[in-house]
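A.B. asks: Sharing model.txt, compact mmCIF, C-alpha atoms:
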# COMPACT_ATOMS: atom_id res chain seq x y z
CA MET A 22 -8.82 -20.10 1.45
CA SER A 23 -10.34 -21.86 4.41
CA ASP A 24 -13.86 -20.96 5.37
CA TYR A 25 -14.28 -20.01 9.00
CA GLY A 26 -17.92 -19.30 8.30
CA GLU A 27 -19.18 -21.49 11.09
CA LEU A 28 -19.57 -18.70 13.59
CA HIS A 29 -20.45 -21.12 16.36
CA GLN A 30 -16.95 -20.37 17.68
CA SER A 31 -18.50 -17.27 19.19
CA SER A 32 -18.20 -18.86 22.61
CA SER A 33 -14.47 -18.12 22.53
CA ARG A 34 -13.40 -14.84 24.02
CA GLY A 35 -10.79 -12.13 23.63
CA ILE A 36 -7.96 -12.46 21.17
CA LYS A 37 -8.88 -16.07 20.27
CA LYS A 38 -12.19 -14.78 18.99
CA LEU A 39 -10.47 -12.13 16.87
CA LEU A 40 -7.58 -14.20 15.49
CA PRO A 41 -9.41 -15.89 12.57
CA TYR A 42 -10.30 -12.45 11.21
CA LEU A 43 -6.82 -10.95 11.40
CA GLY A 44 -4.62 -10.99 8.33
CA PRO A 45 -6.26 -9.47 5.22
CA ALA A 46 -5.64 -5.87 6.29
CA PHE A 47 -1.99 -6.63 7.07
CA ILE A 48 -1.45 -7.90 3.53
CA ALA A 49 -3.22 -4.80 2.15
CA ALA A 50 -1.21 -2.59 4.53
CA VAL A 51 2.02 -3.73 2.88
CA ALA A 52 0.98 -1.59 -0.08
CA TYR A 53 1.05 1.45 2.23
CA ILE A 54 4.68 0.97 3.26
CA ASP A 55 6.24 0.09 -0.08
CA PRO A 56 9.62 1.62 -1.08
CA GLY A 57 7.96 4.41 -3.05
CA ASN A 58 6.94 5.85 0.31
CA TYR A 59 10.59 6.02 1.31
CA ALA A 60 11.49 8.27 -1.60
CA THR A 61 8.59 10.71 -1.19
CA ASN A 62 8.62 10.78 2.62
CA ILE A 63 12.39 11.22 2.99
CA THR A 64 12.26 14.04 0.43
CA ALA A 65 9.31 15.67 2.22
CA GLY A 66 11.02 15.56 5.60
CA SER A 67 14.37 16.87 4.38
CA LYS A 68 12.83 19.70 2.33
CA TYR A 69 9.92 20.82 4.51
CA GLY A 70 10.71 19.41 7.93
CA TYR A 71 7.62 18.35 9.87
CA THR A 72 5.30 20.54 7.75
CA LEU A 73 3.81 17.77 5.59
CA LEU A 74 3.27 15.24 8.37
CA TRP A 75 -0.43 16.12 8.25
CA VAL A 76 -0.55 14.67 4.71
CA ILE A 77 0.46 11.30 6.15
CA PHE A 78 -2.14 11.62 8.91
CA ALA A 79 -4.92 12.61 6.49
CA SER A 80 -3.93 9.92 4.00
CA ASN A 81 -4.06 7.31 6.72
CA LEU A 82 -7.56 8.34 7.78
CA MET A 83 -8.59 8.05 4.13
CA ALA A 84 -6.93 4.64 3.98
CA VAL A 85 -8.96 3.31 6.92
CA LEU A 86 -12.21 4.34 5.23
CA ILE A 87 -11.20 3.13 1.76
CA GLN A 88 -9.90 -0.26 2.93
CA SER A 89 -12.98 -0.78 5.11
CA LEU A 90 -15.19 -0.23 2.05
CA SER A 91 -13.12 -2.69 0.03
CA ALA A 92 -13.19 -5.34 2.78
CA LYS A 93 -16.93 -4.81 3.23
CA LEU A 94 -17.55 -5.28 -0.50
CA GLY A 95 -15.93 -8.72 -0.44
CA ILE A 96 -17.81 -9.75 2.73
CA ALA A 97 -21.22 -8.56 1.48
CA THR A 98 -21.07 -9.89 -2.08
CA GLY A 99 -18.61 -12.79 -2.05
CA LYS A 100 -16.98 -11.08 -5.05
CA ASN A 101 -14.04 -8.74 -5.47
CA LEU A 102 -14.08 -5.28 -7.01
CA PRO A 103 -12.77 -6.27 -10.48
CA GLU A 104 -15.37 -9.06 -10.70
CA LEU A 105 -18.21 -6.68 -9.91
CA CYS A 106 -16.88 -4.19 -12.47
CA ARG A 107 -16.92 -6.92 -15.12
CA GLU A 108 -20.48 -7.88 -14.22
CA ARG A 109 -21.93 -4.37 -14.11
CA PHE A 110 -19.91 -2.43 -16.70
CA SER A 111 -19.58 -2.99 -20.43
CA LYS A 112 -16.91 -5.31 -21.76
CA LYS A 113 -15.01 -2.34 -23.21
CA THR A 114 -15.08 -0.44 -19.91
CA SER A 115 -13.89 -3.50 -18.00
CA PHE A 116 -11.07 -4.00 -20.49
CA LEU A 117 -9.93 -0.37 -20.15
CA LEU A 118 -10.12 -0.62 -16.36
CA TRP A 119 -7.98 -3.74 -16.55
CA LEU A 120 -5.36 -1.96 -18.68
CA GLN A 121 -5.04 0.95 -16.24
CA ALA A 122 -4.97 -1.48 -13.29
CA GLU A 123 -2.10 -3.36 -14.91
CA ALA A 124 -0.26 -0.05 -15.47
CA VAL A 125 -0.73 0.79 -11.80
CA ILE A 126 0.54 -2.63 -10.73
CA MET A 127 3.51 -2.26 -13.09
CA ALA A 128 4.40 1.05 -11.39
CA THR A 129 3.96 -0.65 -8.03
CA ASP A 130 6.21 -3.55 -8.98
CA LEU A 131 8.79 -1.08 -10.23
CA ALA A 132 8.89 0.70 -6.88
CA GLU A 133 8.97 -2.50 -4.85
CA PHE A 134 11.60 -4.29 -6.88
CA ILE A 135 13.92 -1.29 -7.08
CA GLY A 136 13.45 -0.70 -3.35
CA ALA A 137 14.46 -4.25 -2.44
CA ALA A 138 17.45 -4.07 -4.81
CA LEU A 139 18.52 -0.76 -3.26
CA GLY A 140 18.25 -2.27 0.22
CA ILE A 141 20.62 -5.12 -0.74
CA TYR A 142 22.93 -2.71 -2.57
CA LEU A 143 23.19 -0.40 0.45
CA LEU A 144 23.54 -3.13 3.08
CA PHE A 145 26.05 -5.35 1.31
CA ASP A 146 27.78 -2.93 -1.10
CA LEU A 147 27.05 -5.17 -4.08
CA PRO A 148 26.61 -3.91 -7.66
CA LEU A 149 23.05 -2.73 -8.19
CA ILE A 150 22.32 -5.25 -10.95
CA THR A 151 23.58 -8.10 -8.72
CA SER A 152 21.38 -6.80 -5.92
CA ALA A 153 18.41 -6.75 -8.30
CA ILE A 154 18.96 -10.39 -9.24
CA ILE A 155 19.16 -11.38 -5.55
CA ALA A 156 15.95 -9.40 -4.90
CA ALA A 157 14.27 -11.32 -7.74
CA ILE A 158 15.31 -14.64 -6.19
CA GLY A 159 13.96 -13.47 -2.82
CA SER A 160 10.61 -12.50 -4.35
CA PHE A 161 10.29 -15.94 -5.96
CA ALA A 162 10.99 -17.55 -2.58
CA ILE A 163 8.16 -15.54 -1.01
CA LEU A 164 5.82 -16.61 -3.82
CA GLU A 165 6.63 -20.23 -3.02
CA ILE A 166 5.69 -19.63 0.63
CA GLN A 167 2.43 -18.05 -0.57
CA ARG A 168 1.58 -21.29 -2.38
CA ARG A 169 1.71 -23.16 0.94
CA GLY A 170 -1.33 -21.36 2.27
CA TYR A 171 -2.63 -17.91 3.08
CA ARG A 172 -2.24 -18.23 6.84
CA THR A 173 1.47 -18.99 6.46
CA PHE A 174 1.81 -16.14 3.97
CA GLU A 175 -0.04 -13.72 6.26
CA ALA A 176 2.22 -14.69 9.16
CA LEU A 177 5.32 -14.06 7.03
CA ILE A 178 4.04 -10.68 5.84
CA THR A 179 3.15 -9.67 9.41
CA VAL A 180 6.66 -10.56 10.60
CA MET A 181 8.19 -8.53 7.76
CA ILE A 182 6.02 -5.53 8.61
CA PHE A 183 7.17 -5.66 12.22
CA VAL A 184 10.80 -5.79 11.07
CA VAL A 185 10.14 -2.48 9.28
CA VAL A 186 8.44 -1.14 12.43
CA ILE A 187 11.46 -2.02 14.57
CA ALA A 188 13.86 -0.53 12.01
CA PHE A 189 12.09 2.83 11.93
CA GLY A 190 11.35 2.81 15.64
CA ALA A 191 15.09 2.55 16.27
CA GLN A 192 15.78 5.39 13.82
CA VAL A 193 13.23 7.67 15.51
CA PHE A 194 14.79 6.88 18.89
CA TYR A 195 18.27 7.82 17.71
CA ALA A 196 17.12 10.88 15.72
CA LYS A 197 15.53 12.51 18.81
CA PRO A 198 12.86 14.53 16.97
CA ASP A 199 11.19 17.69 18.32
CA THR A 200 7.99 16.29 19.86
CA SER A 201 6.07 19.58 19.81
CA ALA A 202 6.99 20.12 16.15
CA VAL A 203 5.83 16.59 15.34
CA VAL A 204 2.43 17.19 16.95
CA LEU A 205 2.10 20.56 15.19
CA GLY A 206 2.98 19.00 11.82
CA LEU A 207 0.49 16.17 12.27
CA PHE A 208 -2.50 18.38 13.02
CA THR A 209 -1.80 21.65 11.15
CA PRO A 210 -2.61 21.42 7.41
CA LYS A 211 -0.52 23.80 5.31
CA PHE A 212 1.70 23.97 2.23
CA GLU A 213 4.87 25.84 1.40
CA GLY A 214 4.53 26.71 -2.27
CA VAL A 215 3.59 24.74 -5.38
CA ASP A 216 6.41 22.23 -4.97
CA SER A 217 5.06 21.15 -1.60
CA ILE A 218 1.62 20.55 -3.18
CA LEU A 219 3.21 18.41 -5.89
CA LEU A 220 5.15 16.45 -3.30
CA SER A 221 1.98 16.04 -1.23
CA ALA A 222 0.21 14.55 -4.27
CA GLY A 223 3.10 12.10 -4.60
CA MET A 224 2.86 11.26 -0.89
CA LEU A 225 -0.86 10.65 -1.31
CA GLY A 226 -0.16 8.38 -4.27
CA ALA A 227 2.40 6.52 -2.16
CA THR A 228 0.01 6.11 0.76
CA VAL A 229 -3.50 5.45 -0.63
CA MET A 230 -2.72 2.65 -3.05
CA PRO A 231 -5.14 1.61 -5.83
CA HIS A 232 -3.94 -1.99 -5.98
CA ALA A 233 -4.67 -2.36 -2.26
CA ILE A 234 -8.30 -1.40 -3.00
CA TYR A 235 -8.61 -4.20 -5.56
CA LEU A 236 -6.78 -6.71 -3.40
CA HIS A 237 -8.57 -6.22 -0.08
CA SER A 238 -11.97 -7.13 -1.51
CA SER A 239 -10.52 -10.40 -2.83
CA LEU A 240 -8.92 -11.22 0.52
CA THR A 241 -12.27 -11.03 2.34
CA GLN A 242 -14.65 -12.39 -0.29
CA LYS A 243 -14.31 -16.07 0.66
CA ARG A 244 -12.16 -16.04 3.77
CA ILE A 245 -15.06 -16.16 6.25
CA VAL A 246 -18.46 -16.55 4.61
CA GLY A 247 -21.48 -15.24 6.49
CA LYS A 248 -24.71 -17.19 6.03
CA ASN A 249 -26.98 -14.22 6.62
CA ASP A 250 -26.94 -10.42 7.06
CA LEU A 251 -26.34 -10.67 10.81
CA GLU A 252 -23.28 -12.88 10.39
CA ARG A 253 -21.88 -10.68 7.61
CA LYS A 254 -22.24 -7.59 9.78
CA ARG A 255 -20.45 -9.34 12.59
CA ILE A 256 -17.63 -10.45 10.28
CA PHE A 257 -17.23 -6.89 9.06
CA ARG A 258 -16.96 -5.55 12.63
CA PHE A 259 -14.05 -7.89 13.28
CA GLU A 260 -12.42 -7.06 9.93
CA LEU A 261 -12.70 -3.38 10.84
CA ILE A 262 -10.52 -4.03 13.91
CA ASP A 263 -8.01 -5.75 11.62
CA ILE A 264 -8.02 -2.68 9.32
CA ILE A 265 -7.59 -0.14 12.12
CA ILE A 266 -4.64 -2.03 13.62
CA ALA A 267 -2.92 -2.56 10.26
CA MET A 268 -3.46 1.00 9.02
CA LEU A 269 -2.29 2.43 12.35
CA ILE A 270 0.97 0.51 11.97
CA ALA A 271 1.37 1.56 8.32
CA GLY A 272 0.65 5.20 9.18
CA ALA A 273 3.18 5.13 12.03
CA ILE A 274 5.86 3.81 9.66
CA ASN A 275 5.15 6.51 7.07
CA ALA A 276 5.15 9.23 9.72
CA ALA A 277 8.43 7.87 11.12
CA MET A 278 10.06 8.28 7.69
CA VAL A 279 9.15 11.97 7.57
CA ILE A 280 10.03 12.53 11.23
CA VAL A 281 13.50 10.98 10.97
CA SER A 282 14.26 12.90 7.78
CA ALA A 283 13.07 16.18 9.33
CA ALA A 284 14.95 15.63 12.59
CA LEU A 285 18.23 14.84 10.86
CA PHE A 286 18.36 16.26 7.36
CA HIS A 287 16.09 19.32 7.48
CA LYS A 288 17.55 20.36 10.83
CA SER A 289 21.05 20.15 9.32
CA GLY A 290 20.04 21.98 6.13
CA ILE A 291 20.57 18.88 3.97
CA LEU A 292 18.18 18.23 1.06
CA VAL A 293 17.98 14.48 0.45
CA GLU A 294 16.14 13.18 -2.62
CA ASP A 295 18.04 9.94 -3.23
CA LEU A 296 17.81 6.93 -0.95
CA ASP A 297 21.48 6.04 -1.29
CA VAL A 298 22.32 9.59 -0.14
CA ALA A 299 19.90 9.15 2.78
CA TYR A 300 21.67 5.93 3.75
CA GLN A 301 25.07 7.62 3.67
CA GLN A 302 23.80 10.59 5.68
CA PHE A 303 22.29 8.31 8.32
CA GLY A 304 25.70 6.71 8.67
CA ALA A 305 27.47 10.07 8.86
CA LEU A 306 25.05 11.66 11.35
CA LEU A 307 24.09 8.73 13.57
CA GLY A 308 26.49 5.92 12.78
CA PRO A 309 26.51 2.79 10.60
CA SER A 310 24.07 0.85 12.80
CA VAL A 311 21.28 3.39 12.18
CA ALA A 312 22.05 3.38 8.46
CA MET A 313 21.76 -0.41 8.60
CA PHE A 314 18.26 -0.10 10.10
CA PHE A 315 17.27 2.06 7.14
CA GLY A 316 18.62 -0.48 4.65
CA ILE A 317 16.91 -3.41 6.41
CA GLY A 318 13.58 -1.56 6.44
CA LEU A 319 13.91 -0.79 2.74
CA LEU A 320 14.78 -4.39 1.88
CA PHE A 321 11.93 -5.96 3.85
CA ALA A 322 9.40 -3.41 2.61
CA GLY A 323 10.42 -4.10 -0.98
CA LEU A 324 10.32 -7.89 -0.71
CA SER A 325 6.99 -8.03 1.10
CA SER A 326 5.39 -5.49 -1.24
CA SER A 327 6.57 -7.29 -4.37
CA SER A 328 4.68 -10.46 -3.47
CA VAL A 329 1.50 -8.47 -2.80
CA GLY A 330 1.83 -6.74 -6.18
CA VAL A 331 1.99 -10.07 -7.99
CA MET A 332 -1.04 -11.32 -6.06
CA THR A 333 -3.01 -8.22 -7.06
CA GLY A 334 -2.05 -8.65 -10.70
CA ASP A 335 -3.64 -12.07 -10.67
CA VAL A 336 -6.81 -10.70 -9.02
CA VAL A 337 -7.34 -7.88 -11.54
CA MET A 338 -6.70 -10.04 -14.60
CA GLN A 339 -9.11 -12.76 -13.51
CA GLY A 340 -11.65 -10.22 -12.26
CA PHE A 341 -11.77 -7.77 -15.17
CA ILE A 342 -11.24 -10.08 -18.17
CA LYS A 343 -11.50 -13.66 -16.80
CA LYS A 344 -7.97 -14.51 -17.92
CA HIS A 345 -5.14 -16.04 -15.95
CA ILE A 346 -1.41 -16.47 -16.37
CA PRO A 347 0.79 -18.54 -14.03
CA ILE A 348 1.88 -16.46 -11.07
CA TYR A 349 5.57 -17.27 -11.66
CA LEU A 350 5.30 -16.10 -15.26
CA ARG A 351 3.78 -12.84 -14.01
CA ARG A 352 6.69 -12.46 -11.59
CA VAL A 353 9.18 -12.96 -14.43
CA ILE A 354 7.38 -10.38 -16.59
CA THR A 355 7.28 -7.80 -13.79
CA THR A 356 11.02 -8.10 -13.12
CA VAL A 357 11.90 -6.95 -16.65
CA PRO A 358 11.11 -3.17 -16.36
CA PRO A 359 13.07 -2.56 -13.12
CA LEU A 360 16.01 -4.60 -14.41
CA ALA A 361 15.95 -2.54 -17.59
CA ILE A 362 15.88 0.72 -15.62
CA ILE A 363 18.84 -0.39 -13.52
CA LEU A 364 20.81 -1.49 -16.60
CA TRP A 365 20.10 1.84 -18.35
CA GLY A 366 21.49 3.73 -15.38
CA VAL A 367 18.29 5.57 -14.48
CA ASN A 368 18.44 7.04 -10.96
CA PRO A 369 16.51 4.50 -8.84
CA SER A 370 15.18 7.13 -6.42
CA LYS A 371 13.81 9.23 -9.31
CA ALA A 372 12.17 6.12 -10.74
CA LEU A 373 10.54 5.48 -7.34
CA VAL A 374 9.11 9.02 -7.18
CA MET A 375 7.76 8.82 -10.74
CA SER A 376 6.12 5.47 -9.95
CA GLN A 377 4.19 7.18 -7.15
CA VAL A 378 2.88 9.80 -9.59
CA VAL A 379 1.51 6.99 -11.78
CA LEU A 380 -0.09 5.39 -8.73
CA SER A 381 -1.82 8.63 -7.76
CA PHE A 382 -3.65 8.61 -11.12
CA GLY A 383 -4.89 5.06 -10.62
CA ILE A 384 -6.64 5.75 -7.32
CA ALA A 385 -9.76 7.31 -8.88
CA PHE A 386 -10.37 4.36 -11.23
CA ALA A 387 -10.50 2.00 -8.26
CA LEU A 388 -12.14 4.35 -5.78
CA ILE A 389 -15.13 5.56 -7.85
CA PRO A 390 -16.46 2.04 -8.67
CA LEU A 391 -15.85 1.05 -5.04
CA ILE A 392 -18.00 3.93 -3.76
CA MET A 393 -20.66 3.24 -6.39
CA PHE A 394 -21.01 -0.43 -5.44
CA THR A 395 -20.82 -0.03 -1.67
CA SER A 396 -23.50 2.69 -1.85
CA ASN A 397 -25.87 0.41 -3.79
CA LYS A 398 -28.27 -1.54 -1.56
CA ASN A 399 -29.00 -4.03 -4.33
CA VAL A 400 -25.31 -4.96 -4.30
CA MET A 401 -24.54 -4.69 -0.58
CA GLY A 402 -27.77 -5.59 1.20
CA ASN A 403 -27.69 -4.52 4.86
CA LEU A 404 -23.99 -3.67 4.60
CA VAL A 405 -24.70 -0.77 2.25
CA ASN A 406 -22.93 2.48 3.15
CA HIS A 407 -24.65 5.02 5.36
CA LYS A 408 -25.28 8.27 3.50
CA VAL A 409 -22.64 10.03 5.59
CA THR A 410 -20.08 7.36 4.70
CA SER A 411 -20.82 7.69 0.98
CA SER A 412 -20.63 11.48 1.22
CA ILE A 413 -17.24 11.41 2.95
CA ALA A 414 -15.93 8.84 0.48
CA GLY A 415 -17.19 11.03 -2.38
CA LEU A 416 -15.36 14.05 -0.98
CA ILE A 417 -12.16 12.00 -0.73
CA ALA A 418 -12.55 10.94 -4.37
CA VAL A 419 -13.05 14.58 -5.46
CA LEU A 420 -9.97 15.65 -3.47
CA ILE A 421 -7.80 12.93 -4.95
CA ILE A 422 -8.96 13.54 -8.52
CA GLY A 423 -8.43 17.30 -8.08
CA LEU A 424 -4.89 16.78 -6.82
CA ASN A 425 -4.17 14.43 -9.72
CA LEU A 426 -5.38 16.99 -12.29
CA PHE A 427 -3.22 19.65 -10.65
CA LEU A 428 -0.25 17.29 -10.69
CA LEU A 429 -0.81 16.53 -14.38
CA TYR A 430 -1.03 20.23 -15.24
CA GLU A 431 2.15 21.10 -13.36
CA THR A 432 4.04 18.14 -14.81
CA ILE A 433 3.16 19.02 -18.40
CA PHE A 434 3.29 22.82 -18.32
CA SER A 435 5.98 23.57 -15.74
Can the structure from this file be put into structure tokens for me?
C.D. replies:
Amino acid sequence: MSDYGELHQSSSRGIKKLLPYLGPAFIAAVAYIDPGNYATNITAGSKYGYTLLWVIFASNLMAVLIQSLSAKLGIATGKNLPELCRERFSKKTSFLLWLQAEAVIMATDLAEFIGAALGIYLLFDLPLITSAIIAAIGSFAILEIQRRGYRTFEALITVMIFVVVIAFGAQVFYAKPDTSAVVLGLFTPKFEGVDSILLSAGMLGATVMPHAIYLHSSLTQKRIVGKNDLERKRIFRFELIDIIIAMLIAGAINAAMVIVSAALFHKSGILVEDLDVAYQQFGALLGPSVAMFFGIGLLFAGLSSSSVGVMTGDVVMQGFIKKHIPIYLRRVITTVPPLAIILWGVNPSKALVMSQVVLSFGIAFALIPLIMFTSNKNVMGNLVNHKVTSSIAGLIAVLIIGLNLFLLYETIFS
């Protein structure tokens, strides 16, 4: 990556001053709008209406804090989270952390690949396996663009995110949701039985993404290198703006999924748990153009997320165990499980939901080391967390781990 570390450009003003710092959070934000979110959010909206919107809001606040810690780690140390784990933990611990990180990324790739294939399948009425092959070709094309430079790649990802924004903005407009119910759902925490808690855990797993925690620290570690504590603090302030903008957009997309589903399906008494059913119902209730917006959003979310998943896989392998495989080989390997699932006839929407459950378990293994390192002055210098920040981050970790244990118990014994 290019080094914009010469901060003598400080004489520039306004957006020109901010532009060199924008980008990393948008790539990380792709993880927060991957197709797994579609499955959990559409189900939540159709089953519970606007009730679980607050989960999206709370998850997004957590995401801002978590991604800011990850970005700050890269800026302060010049290293990413997996690299610091390898340096400060035993070889066995690092190896085990790498294995779970790869499992998380595998679940992520599954969700993203199936989502893109479903988008093509719904939009063009092609066989699902044909759609999956086309999605694979598209993901390889995006990888080739990534090789041409990070600024080009960031621009492409940003455009794809805004396509998803436009798609869901149009759906919200046509769905005409109850504004007062939306506000109430966003700011009134409550559940409706055990099933809603389980679904909330899945929504959390779909929103706060472990691979985004690993990735963000690598995106900032060498992008703009500060020569001293003052410069690093200044870099972090600009990156924080990048994070807030990107997470606000990602949160709005996730909320829009729940809102549209609640306004259409829950209001009509229709329980929708499959994305192909959602697509058909959008067409029946609002017309084919609105259904098309849904399919386009799903396709672009899947394609953009798949490239980020491959990038993260490379980061965790090099960071935890100092090994590397060609990025195209990794892409080939990660296409095998979703293709197998499609060939075996497994319900794609069910596979998406289960992938989010796996992701929810991986959050703690990324989050706890992140909090440990960013709270350590020897590691972070003047960018070390304030005590309040560490305390809030610790509470978030306890909440997430508690929800995961509850989810595990209910999954095994129910």
A.B. asks: Quick one: pull the distance between atom CA of A:Trp119 and atom CA of A:Ser238, Å, one decimal.
C.D. replies: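 For atom CA of A:Trp119 relative to atom CA of A:Ser238, the distance reads 15.9 Å.
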A.B. asks: Which residue gives the smallest distance to A:Gly340 among A:Ser239, A:Thr98, A:Ser67, A:Thr173, with all atoms listed in the file counted?
C.D. replies: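 Counting all atoms listed in the file, the residue closest to A:Gly340 is A:Ser239.
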A.B. asks: Just checking: using all atoms listed in the file, which residue out of A:Ala176, A:Leu420, A:Ile63, A:Ile182 ends up closest to A:Phe321?
C.D. replies: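 Residue with the minimum atom-to-atom distance to A:Phe321: A:Ile182.
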A.B. asks: Figure out the distance between atom CA of A:Val379 and atom CA of A:Ile346, please, to one decimal in Å.
C.D. replies: 24.1 Å
A.B. asks: Name the closest residue to A:Tyr171 among the candidates A:Ala137, A:Leu360, A:Ile48, A:Ile77; distances are taken between atoms, counting all atoms listed in the file.
C.D. replies: A:Ile48
A.B. asks: Taking 3 positions as the minimum chain separation for residues in the same chain, which residues sit within 10 Å of A:Met230 when counting all atoms listed in the file? Answer as an MDAnalysis selection string.
C.D. replies: chainID A and resid 49:55 84 87:88 125:126 129 225:227 233:235 377 380:381 383:384 387:388
A.B. asks: Grab the atom CA of A:Leu131 to atom CA of A:Pro359 distance for me, in Å with one decimal place.
C.D. replies: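 Atom CA of A:Leu131 sits 5.4 Å away from atom CA of A:Pro359.
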A.B. asks: If we count all atoms listed in the file, what is near A:Ala299 at a cut-off of 12 Å, once residues fewer than 3 positions away on the same chain are taken out, given as a ChimeraX atom specification?
C.D. replies: /A:59-60,62-64,66-67,139-140,143,278,281-283,285-287,291-296,302-307,311-316,319,370
A.B. asks: Can you tell me, as a ChimeraX atom specification, what residues are no more than 9 Å from A:Val85 when counting only C-alpha atoms, ignoring any on the same chain fewer than 3 positions away?
C.D. replies: /A:80-82,88-90,261,264-265,268-269
A.B. asks: I need every residue sitting at most 8 Å from the point (-20.0, -2.7, 6.3) (coordinates as in the file, all atoms listed in the file considered), written as a PyMOL selection string.
C.D. replies: chain A and resi 89-90+93-94+97+254+257-258+404-406
A.B. asks: Residues near A:Ile163, anyone? I mean within 8 Å using only C-alpha atoms, not counting same-chain ones fewer than 2 positions away, as a list in words.
C.D. replies: Gly159, Ser160, Phe161, Glu165, Ile166, Gln167, Leu324, Ser325 and Ser328 of chain A
A.B. asks: With distances taken over all atoms listed in the file, which of A:Lys288, A:Ile158, A:Arg107, A:Gly423 is nearest to A:Val353?
C.D. replies: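 The closest residue to A:Val353 is A:Ile158.
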A.B. asks: Compare A:Asn101, A:Val357, A:Lys113, A:Thr333 by their minimum atom-to-atom distance to A:His232, counting only C-alpha atoms, and give me the closest one.
C.D. replies: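 The shortest atom-to-atom distance to A:His232 comes from A:Thr333.
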A.B. asks: Which is closer to A:Leu86 than all the others in A:Val229, A:Ile270, A:Ala372, A:Val337, using all atoms listed in the file?
C.D. replies: A:Val229
A.B. asks: Around all the atoms of stretch 353-372 of chain A listed in the file, with 4 Å of room on each side, what axis-aligned box do you get, giving centre and edge lengths in Å to one decimal, as lines of an AutoDock Vina configuration file?
C.D. replies:
center_x = 14.4
center_y = -1.9
center_z = -12.4
size_x = 22.2
size_y = 30.2
size_z = 19.9
A.B. asks: For A:Val203, please output as a PyMOL selection string all residues within 12 Å (counting all atoms listed in the file; exclusion window: fewer than 3 positions along the same chain).
C.D. replies: chain A and resi 66+70-75+77-78+193+197-200+206-209+276-277+279-284
A.B. asks: Anything within 10 Å of (-9.2, -8.8, 10.8): list those residues as a list in words, counting all atoms listed in the file and sticking to the file's coordinates.
C.D. replies: Leu39, Leu40, Pro41, Tyr42, Leu43, Gly44, Pro45, Ala46, Phe47, Ala92, Thr241, Ile256, Phe257, Arg258, Phe259, Glu260, Leu261, Ile262, Asp263, Ile264, Ile265, Ile266 and Ala267 of chain A
